[in-house]
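Asks: Next up, input.cif (mmCIF, C-alpha atoms).
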```cif
data_protein
loop_
_atom_site.group_PDB
_atom_site.id
_atom_site.type_symbol
_atom_site.label_atom_id
_atom_site.label_comp_id
_atom_site.auth_asym_id
_atom_site.auth_seq_id
_atom_site.Cartn_x
_atom_site.Cartn_y
_atom_site.Cartn_z
ATOM 1 C CA MET A 48 -20.911 -2.672 17.807
ATOM 2 C CA GLN A 49 -17.539 -1.572 16.448
ATOM 3 C CA THR A 50 -14.878 -4.212 17.019
ATOM 4 C CA ASP A 51 -11.628 -2.721 18.295
ATOM 5 C CA LEU A 52 -9.451 -5.728 17.556
ATOM 6 C CA LEU A 53 -9.693 -8.807 15.372
ATOM 7 C CA LEU A 54 -7.407 -11.692 16.399
ATOM 8 C CA ILE A 55 -6.638 -14.264 13.692
ATOM 9 C CA ASP A 56 -4.716 -17.284 14.954
ATOM 10 C CA ASP A 57 -5.147 -21.052 14.764
ATOM 11 C CA SER A 58 -3.785 -21.545 18.303
ATOM 12 C CA LEU A 59 -6.498 -21.591 20.962
ATOM 13 C CA THR A 60 -3.829 -21.127 23.656
ATOM 14 C CA ASP A 61 -2.442 -17.982 22.010
ATOM 15 C CA LEU A 62 -5.919 -16.585 21.419
ATOM 16 C CA ARG A 63 -6.873 -17.135 25.057
ATOM 17 C CA LEU A 64 -3.757 -15.333 26.286
ATOM 18 C CA LEU A 65 -4.335 -12.355 23.991
ATOM 19 C CA MET A 66 -8.005 -12.119 24.886
ATOM 20 C CA GLU A 67 -7.195 -12.072 28.607
ATOM 21 C CA MET A 68 -4.609 -9.310 28.132
ATOM 22 C CA LEU A 69 -6.843 -7.170 25.936
ATOM 23 C CA ALA A 70 -10.132 -7.737 27.744
ATOM 24 C CA ALA A 71 -8.518 -6.443 30.919
ATOM 25 C CA ARG A 72 -8.059 -3.115 29.095
ATOM 26 C CA GLN A 73 -11.711 -3.079 27.981
ATOM 27 C CA PHE A 74 -10.997 -3.721 24.307
ATOM 28 C CA LYS A 75 -13.827 -5.216 22.256
ATOM 29 C CA VAL A 76 -12.268 -8.302 20.674
ATOM 30 C CA SER A 77 -13.341 -10.686 17.923
ATOM 31 C CA VAL A 78 -11.512 -13.879 16.944
ATOM 32 C CA ALA A 79 -11.069 -16.095 13.893
ATOM 33 C CA PHE A 80 -9.246 -19.429 13.726
ATOM 34 C CA ASP A 81 -7.932 -19.249 10.151
ATOM 35 C CA GLY A 82 -7.002 -16.725 7.488
ATOM 36 C CA ALA A 83 -10.013 -17.174 5.221
ATOM 37 C CA LYS A 84 -12.542 -16.679 8.036
ATOM 38 C CA GLY A 85 -10.463 -13.849 9.454
ATOM 39 C CA TYR A 86 -10.572 -12.031 6.128
ATOM 40 C CA GLN A 87 -14.355 -12.455 5.914
ATOM 41 C CA GLN A 88 -14.798 -11.142 9.460
ATOM 42 C CA ALA A 89 -12.574 -8.161 8.726
ATOM 43 C CA VAL A 90 -14.749 -7.207 5.755
ATOM 44 C CA LEU A 91 -17.936 -7.487 7.819
ATOM 45 C CA GLN A 92 -16.740 -6.045 11.139
ATOM 46 C CA ARG A 93 -14.229 -3.368 10.014
ATOM 47 C CA PRO A 94 -12.012 -3.666 13.130
ATOM 48 C CA ALA A 95 -9.697 -0.817 14.078
ATOM 49 C CA LEU A 96 -6.690 -3.173 14.240
ATOM 50 C CA ILE A 97 -5.896 -6.774 13.277
ATOM 51 C CA LEU A 98 -3.481 -9.097 15.076
ATOM 52 C CA LEU A 99 -2.600 -11.791 12.547
ATOM 53 C CA ASP A 100 -0.633 -15.003 13.058
ATOM 54 C CA VAL A 101 1.962 -15.681 10.356
ATOM 55 C CA CYS A 102 1.967 -19.505 10.414
ATOM 56 C CA MET A 103 -1.488 -20.976 9.821
ATOM 57 C CA PRO A 104 -2.644 -23.879 7.654
ATOM 58 C CA GLY A 105 -4.371 -23.031 4.395
ATOM 59 C CA MET A 106 -4.311 -19.263 3.975
ATOM 60 C CA ASP A 107 -1.315 -18.148 6.035
ATOM 61 C CA GLY A 108 -0.747 -14.684 7.462
ATOM 62 C CA PHE A 109 1.044 -13.302 4.421
ATOM 63 C CA ALA A 110 -1.716 -14.440 2.064
ATOM 64 C CA THR A 111 -4.409 -13.091 4.398
ATOM 65 C CA CYS A 112 -2.661 -9.731 4.568
ATOM 66 C CA ARG A 113 -2.482 -9.560 0.771
ATOM 67 C CA HIS A 114 -6.247 -10.093 0.594
ATOM 68 C CA LEU A 115 -6.863 -7.427 3.233
ATOM 69 C CA LYS A 116 -4.698 -4.872 1.447
ATOM 70 C CA ALA A 117 -6.306 -5.606 -1.926
ATOM 71 C CA ASN A 118 -9.824 -4.810 -0.675
ATOM 72 C CA PRO A 119 -10.686 -1.078 -0.389
ATOM 73 C CA VAL A 120 -12.900 -1.865 2.601
ATOM 74 C CA THR A 121 -10.040 -3.331 4.673
ATOM 75 C CA GLN A 122 -6.865 -1.896 3.151
ATOM 76 C CA MET A 123 -6.617 0.933 5.715
ATOM 77 C CA ILE A 124 -6.852 -1.377 8.747
ATOM 78 C CA PRO A 125 -3.402 -1.757 10.345
ATOM 79 C CA VAL A 126 -2.143 -5.349 10.618
ATOM 80 C CA ILE A 127 0.300 -6.524 13.289
ATOM 81 C CA PHE A 128 1.821 -9.930 12.656
ATOM 82 C CA LEU A 129 2.192 -12.477 15.455
ATOM 83 C CA THR A 130 5.178 -14.793 15.099
ATOM 84 C CA ALA A 131 7.594 -16.973 17.010
ATOM 85 C CA ALA A 132 10.260 -16.463 14.319
ATOM 86 C CA ASN A 133 12.871 -13.746 14.521
ATOM 87 C CA ALA A 134 14.240 -14.155 10.987
ATOM 88 C CA LEU A 135 14.832 -10.835 9.248
ATOM 89 C CA ASP A 136 13.567 -12.208 5.919
ATOM 90 C CA GLU A 137 10.199 -13.081 7.435
ATOM 91 C CA ARG A 138 9.815 -9.669 9.027
ATOM 92 C CA LEU A 139 10.766 -7.877 5.821
ATOM 93 C CA GLY A 140 8.312 -10.090 3.944
ATOM 94 C CA GLY A 141 5.567 -9.044 6.346
ATOM 95 C CA PHE A 142 6.270 -5.356 5.874
ATOM 96 C CA ALA A 143 6.335 -5.881 2.100
ATOM 97 C CA VAL A 144 2.748 -7.203 2.096
ATOM 98 C CA GLY A 145 1.497 -4.323 4.243
ATOM 99 C CA ALA A 146 1.973 -5.163 7.945
ATOM 100 C CA VAL A 147 2.777 -2.252 10.267
ATOM 101 C CA ASP A 148 4.498 -4.187 13.071
ATOM 102 C CA TYR A 149 5.356 -7.540 14.649
ATOM 103 C CA ILE A 150 4.678 -8.986 18.099
ATOM 104 C CA GLY A 151 6.836 -11.926 19.089
ATOM 105 C CA LYS A 152 5.745 -15.184 20.685
ATOM 106 C CA PRO A 153 5.681 -16.059 23.544
ATOM 107 C CA PHE A 154 3.717 -12.917 24.315
ATOM 108 C CA ASP A 155 4.848 -10.304 26.778
ATOM 109 C CA GLU A 156 1.808 -8.414 28.061
ATOM 110 C CA ASN A 157 3.566 -5.063 28.234
ATOM 111 C CA GLU A 158 4.799 -5.394 24.646
ATOM 112 C CA VAL A 159 1.380 -6.450 23.351
ATOM 113 C CA LEU A 160 -0.393 -3.544 25.020
ATOM 114 C CA ALA A 161 2.287 -1.038 24.002
ATOM 115 C CA ARG A 162 2.306 -1.999 20.329
ATOM 116 C CA VAL A 163 -1.472 -2.235 20.104
ATOM 117 C CA GLY A 164 -1.827 1.135 21.801
ATOM 118 C CA VAL A 165 0.701 2.826 19.522
ATOM 119 C CA HIS A 166 -0.966 1.691 16.321
ATOM 120 C CA LEU A 167 -4.470 2.467 17.508
ATOM 121 C CA ARG A 168 -3.290 6.015 18.217
ATOM 122 C CA LEU A 169 -1.539 6.243 14.846
ATOM 123 C CA MET A 170 -4.526 4.963 12.912
ATOM 124 C CA PRO A 171 -6.129 8.024 11.258
ATOM 125 C CA LYS A 172 -9.470 8.652 12.955
ATOM 126 C CA LEU A 173 -11.130 9.591 9.678
ATOM 127 C CA ALA A 174 -10.028 6.344 8.057
ATOM 128 C CA VAL A 175 -11.632 4.318 10.848
ATOM 129 C CA GLU A 176 -14.852 6.340 10.593
ATOM 130 C CA HIS A 177 -14.865 5.931 6.828
ATOM 131 C CA ALA A 178 -14.400 2.153 7.109
ATOM 132 C CA ALA A 179 -17.229 1.923 9.648
ATOM 133 C CA ALA A 180 -19.605 4.113 7.653
ATOM 134 C CA SER A 181 -18.924 3.031 4.068
ATOM 135 C CA PRO A 182 -21.017 0.200 2.658
ATOM 136 C CA LEU A 183 -19.249 -2.687 1.004
ATOM 137 C CA PRO A 184 -18.918 -1.821 -2.714
ATOM 138 C CA PRO A 185 -21.335 -4.065 -4.623
ATOM 139 C CA ALA A 186 -18.640 -5.198 -7.050
ATOM 140 C CA MET A 187 -16.104 -5.988 -4.319
ATOM 141 C CA SER A 188 -16.813 -9.662 -3.941
ATOM 142 C CA ARG A 189 -14.239 -11.995 -2.504
ATOM 143 C CA ASN A 190 -13.242 -12.834 -6.070
ATOM 144 C CA ASN A 191 -12.531 -9.169 -6.793
ATOM 145 C CA ALA A 192 -10.208 -8.942 -3.825
ATOM 146 C CA LEU A 193 -8.433 -12.156 -4.833
ATOM 147 C CA VAL A 194 -7.971 -10.907 -8.390
ATOM 148 C CA GLN A 195 -6.650 -7.531 -7.258
ATOM 149 C CA ALA A 196 -4.150 -9.180 -4.909
ATOM 150 C CA ALA A 197 -2.986 -11.513 -7.694
ATOM 151 C CA GLN A 198 -2.742 -8.659 -10.188
ATOM 152 C CA LYS A 199 -0.531 -6.672 -7.830
ATOM 153 C CA ILE A 200 1.862 -9.591 -7.369
ATOM 154 C CA MET A 201 2.098 -10.233 -11.119
ATOM 155 C CA ALA A 202 2.436 -6.541 -11.992
ATOM 156 C CA ASP A 203 5.192 -6.059 -9.416
ATOM 157 C CA GLN A 204 7.105 -8.990 -10.935
ATOM 158 C CA ILE A 205 5.984 -8.568 -14.527
ATOM 159 C CA ALA A 206 9.353 -9.488 -16.065
ATOM 160 C CA ASN A 207 9.589 -12.698 -14.052
ATOM 161 C CA PRO A 208 6.168 -13.475 -12.593
ATOM 162 C CA PRO A 209 5.536 -16.410 -10.252
ATOM 163 C CA SER A 210 4.085 -19.590 -11.676
ATOM 164 C CA LEU A 211 0.384 -20.199 -11.126
ATOM 165 C CA GLU A 212 1.337 -22.707 -8.441
ATOM 166 C CA ASP A 213 3.517 -20.150 -6.634
ATOM 167 C CA LEU A 214 0.853 -17.478 -7.048
ATOM 168 C CA SER A 215 -1.681 -19.835 -5.459
ATOM 169 C CA ARG A 216 0.660 -20.430 -2.526
ATOM 170 C CA LEU A 217 1.274 -16.705 -2.028
ATOM 171 C CA LEU A 218 -2.473 -16.088 -1.884
ATOM 172 C CA GLY A 219 -3.378 -19.117 0.216
ATOM 173 C CA THR A 220 -5.640 -20.645 -2.404
ATOM 174 C CA ASN A 221 -5.397 -22.978 -5.408
ATOM 175 C CA ARG A 222 -4.876 -22.689 -9.171
ATOM 176 C CA ARG A 223 -8.473 -23.486 -10.034
ATOM 177 C CA ARG A 224 -9.879 -20.813 -7.724
ATOM 178 C CA ILE A 225 -7.520 -18.150 -9.059
ATOM 179 C CA ASN A 226 -8.428 -18.855 -12.679
ATOM 180 C CA HIS A 227 -12.142 -19.012 -11.791
ATOM 181 C CA ALA A 228 -11.888 -15.599 -10.101
ATOM 182 C CA PHE A 229 -10.075 -14.115 -13.117
ATOM 183 C CA GLN A 230 -12.659 -15.577 -15.489
ATOM 184 C CA GLU A 231 -15.461 -14.032 -13.441
ATOM 185 C CA CYS A 232 -13.844 -10.610 -13.025
ATOM 186 C CA CYS A 233 -11.719 -10.253 -16.183
ATOM 187 C CA GLY A 234 -13.181 -12.723 -18.652
ATOM 188 C CA GLN A 235 -9.881 -14.582 -19.013
ATOM 189 C CA PRO A 236 -7.511 -16.749 -16.935
ATOM 190 C CA ALA A 237 -4.780 -15.222 -14.784
ATOM 191 C CA PHE A 238 -2.002 -15.511 -17.332
ATOM 192 C CA GLY A 239 -4.293 -14.254 -20.073
ATOM 193 C CA TRP A 240 -4.650 -11.083 -18.006
ATOM 194 C CA LEU A 241 -0.860 -10.956 -17.547
ATOM 195 C CA ARG A 242 -0.319 -11.214 -21.307
ATOM 196 C CA GLU A 243 -2.714 -8.313 -21.895
ATOM 197 C CA GLU A 244 -1.138 -6.259 -19.109
ATOM 198 C CA ARG A 245 2.328 -6.729 -20.600
ATOM 199 C CA LEU A 246 1.100 -5.571 -23.996
ATOM 200 C CA ARG A 247 -0.780 -2.628 -22.497
ATOM 201 C CA GLN A 248 2.377 -1.466 -20.742
ATOM 202 C CA ALA A 249 4.403 -2.116 -23.885
ATOM 203 C CA ARG A 250 2.096 0.083 -25.949
ATOM 204 C CA ASN A 251 2.374 2.905 -23.417
ATOM 205 C CA LEU A 252 6.158 2.677 -23.365
ATOM 206 C CA VAL A 253 6.362 2.597 -27.167
ATOM 207 C CA CYS A 254 4.018 5.560 -27.640
ATOM 208 C CA GLN A 255 4.899 7.736 -24.664
ATOM 209 C CA THR A 256 8.644 7.217 -24.064
ATOM 210 C CA ASP A 257 11.921 6.994 -25.948
ATOM 211 C CA THR A 258 12.828 3.689 -24.315
ATOM 212 C CA PRO A 259 14.612 1.431 -26.833
ATOM 213 C CA ILE A 260 12.270 -1.162 -28.283
ATOM 214 C CA SER A 261 14.607 -4.025 -27.379
ATOM 215 C CA LEU A 262 14.728 -2.835 -23.763
ATOM 216 C CA ILE A 263 10.924 -2.620 -23.533
ATOM 217 C CA GLY A 264 10.605 -6.281 -24.420
ATOM 218 C CA ASP A 265 13.273 -7.205 -21.898
ATOM 219 C CA LEU A 266 11.669 -5.121 -19.130
ATOM 220 C CA LEU A 267 8.342 -6.836 -19.663
ATOM 221 C CA GLY A 268 9.706 -10.369 -19.641
ATOM 222 C CA TYR A 269 9.787 -11.341 -23.314
ATOM 223 C CA SER A 270 12.430 -13.945 -24.051
ATOM 224 C CA SER A 271 13.711 -12.200 -27.185
ATOM 225 C CA PRO A 272 13.106 -9.041 -29.265
ATOM 226 C CA ALA A 273 11.606 -11.215 -32.007
ATOM 227 C CA ASN A 274 9.035 -12.724 -29.612
ATOM 228 C CA PHE A 275 8.154 -9.269 -28.326
ATOM 229 C CA THR A 276 7.706 -7.860 -31.830
ATOM 230 C CA ARG A 277 5.570 -10.825 -32.914
ATOM 231 C CA ALA A 278 3.268 -10.594 -29.864
ATOM 232 C CA PHE A 279 2.971 -6.824 -30.264
ATOM 233 C CA ARG A 280 2.112 -7.037 -33.978
ATOM 234 C CA GLU A 281 -0.499 -9.752 -33.371
ATOM 235 C CA ARG A 282 -2.169 -7.625 -30.712
ATOM 236 C CA PHE A 283 -2.029 -4.146 -32.266
ATOM 237 C CA GLY A 284 -1.517 -4.735 -35.968
ATOM 238 C CA PHE A 285 1.792 -2.841 -36.032
ATOM 239 C CA ALA A 286 5.350 -3.696 -35.120
ATOM 240 C CA PRO A 287 6.535 -1.575 -32.151
ATOM 241 C CA ARG A 288 8.869 0.535 -34.324
ATOM 242 C CA ASP A 289 6.139 1.204 -36.870
ATOM 243 C CA LEU A 290 3.707 2.257 -34.163
ATOM 244 C CA ARG A 291 6.285 4.622 -32.679
ATOM 245 C CA CYS A 292 6.546 6.339 -36.069
ATOM 246 C CA LEU A 293 2.792 6.999 -35.917
ATOM 247 C CA VAL A 294 2.835 8.489 -32.420
ATOM 248 C CA PRO A 295 2.084 12.065 -33.637
ATOM 249 C CA SER A 296 -1.173 10.826 -35.164
ATOM 250 C CA PHE A 297 -2.106 9.156 -31.847
ATOM 251 C CA ASP A 298 -1.508 12.176 -29.666
ATOM 252 C CA GLY A 299 -3.413 14.541 -31.919
ATOM 253 C CA ALA A 300 -0.619 16.250 -33.860
ATOM 254 C CA GLY A 301 -3.192 16.230 -36.654
ATOM 255 C CA SER A 302 -1.158 16.705 -39.839
ATOM 256 C CA GLY A 303 -2.538 15.471 -43.149
ATOM 257 C CA ALA A 304 0.260 12.927 -43.313
ATOM 258 C CA GLY A 305 -0.770 11.639 -39.922
ATOM 259 C CA GLU A 306 -4.334 11.220 -41.076
ATOM 260 C CA THR A 307 -3.118 9.316 -44.112
ATOM 261 C CA GLY A 308 -1.009 7.101 -41.897
ATOM 262 C CA ARG A 309 -4.090 6.118 -39.933
ATOM 263 C CA ARG A 310 -6.021 4.916 -42.962
#
```
Mind turning this structure into structure tokens?
Replies:
Amino acid sequence: MQTDLLLIDDSLTDLRLLMEMLAARQFKVSVAFDGAKGYQQAVLQRPALILLDVCMPGMDGFATCRHLKANPVTQMIPVIFLTAANALDERLGGFAVGAVDYIGKPFDENEVLARVGVHLRLMPKLAVEHAAASPLPPAMSRNNALVQAAQKIMADQIANPPSLEDLSRLLGTNRRRINHAFQECCGQPAFGWLREERLRQARNLVCQTDTPISLIGDLLGYSSPANFTRAFRERFGFAPRDLRCLVPSFDGAGSGAGETGRR
């Protein structure tokens, strides 16, 4: 049976209140007591809407939301955060990780029903049907979702990425699990992937744009132009400036000189 709502909260009192409010309106409700189990239930049950507590031990609401939005099976499910805090920074942080709304604690029944109703009506009907009908992609294990969430965080902050410890905290897990997931999915640890991603972006910027070489290194977080040039040469066999000179031979300009330059 399709679950209308998934409630993820470590407070039995809050869960009981929400269930009473929603059951009275004939919603089909499922519950989870922590972020990790809530994420697993979301993948299996494909609810139409998730009410997610922000403050939970272990995997908190922000980390859970990052996992949900990194998995193609659950990324379209709207998430409403539940919180007793009114701080603007927390609310902005929730929207940044993909939440669509907030409901404040203590709960007001009219507000809960109004916000739930609005987002159920806004949720595209086809997206819900697709989520219910689509099988879980074979390759989308929990490790895949963790890796994709971590990759997004590091790519968004590529010039100044979080430490592995901070990354673990943001994702509600630990350093060992993150590196294990990256080894399984990418064949290298998390910061090995980041190093390759920086160089991949650097190559694209060198070959496809007129961005100054020194600025490319700075944009991608290298501490100095010399460090950038050294890392680039070790990876691609050319200094960035030399590779830029060969760009016509890479994009198929096809002159004899270009062919000679490749040999």
Asks: Considering all atoms listed in the file, can you say which of A:Leu290, A:Arg282, A:Tyr269, A:Val78 comes closest to Cys254 in chain A?
Replies: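 Nearest to Cys254 in chain A: A:Leu290.
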Asks: Residues near range 51-60 of chain A, anyone? I mean within 10 Å using only C-alpha atoms, not counting same-chain ones fewer than 5 positions away, as number ranges by chain.
Replies: A: 65-66, 69, 73-86, 88-89, 92-104, 107-108, 111, 126-129, 163, 167
Asks: If the PyMOL selection byres ((chain A and resi 218) around 8) were run on this exact file, what residues would it hold? Put them as a list in words.
Replies: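 Applied to this file, the PyMOL selection byres ((chain A and resi 218) around 8) selects Met106, Phe109, Ala110, Thr111, Arg113, His114, Leu193, Ala196, Ala197, Leu214, Ser215, Arg216, Leu217, Gly219 and Thr220 of chain A.
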Asks: Return the single residue from A:Arg291, A:Pro272, A:Gly284, A:Phe154 that is closest to Thr258 in chain A, with distances computed using all atoms listed in the file.
Replies: A:Arg291
Asks: In Å, with one decimal, what is the gap from CA of Leu262 in chain A to CA of Val144 in chain A?
Replies: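 Between CA of Leu262 in chain A and CA of Val144 in chain A the gap works out to 28.8 Å.
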Asks: What's around Ala161 in chain A at 12 Å? Count all atoms listed in the file, leave out sequence neighbours fewer than 3 positions away in its own chain, and write the answer as an MDAnalysis selection string.
Replies: chainID A and resid 68:69 72 148:150 154:158 164:168
Asks: Tell me which of A:Gln195, A:Thr276, A:Asn207, A:Gln255 sits closest to Ile225 in chain A, counting all atoms listed in the file.
Replies: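 When distances to Ile225 in chain A are compared using all atoms listed in the file, the smallest one comes from A:Gln195.
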Asks: Using all atoms listed in the file, pick whichever of A:Met201, A:Met123, A:Val253, A:Leu62 has the shortest atom-to-atom distance to Lys152 in chain A.
Replies: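 Answer, going by the shortest atom-to-atom distance: A:Leu62.
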Asks: Nearest to Phe285 in chain A: which of A:Leu266, A:Leu160, A:Arg250, A:Val147 is it, counting all atoms listed in the file?
Replies: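 Among A:Leu266, A:Leu160, A:Arg250, A:Val147, it is A:Arg250 that comes nearest to Phe285 in chain A.
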Asks: One decimal, in Å: what's the spacing between CA of Pro119 in chain A and CA of Asn191 in chain A?
Replies: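 We find that CA of Pro119 in chain A and CA of Asn191 in chain A lie 10.5 Å from each other.
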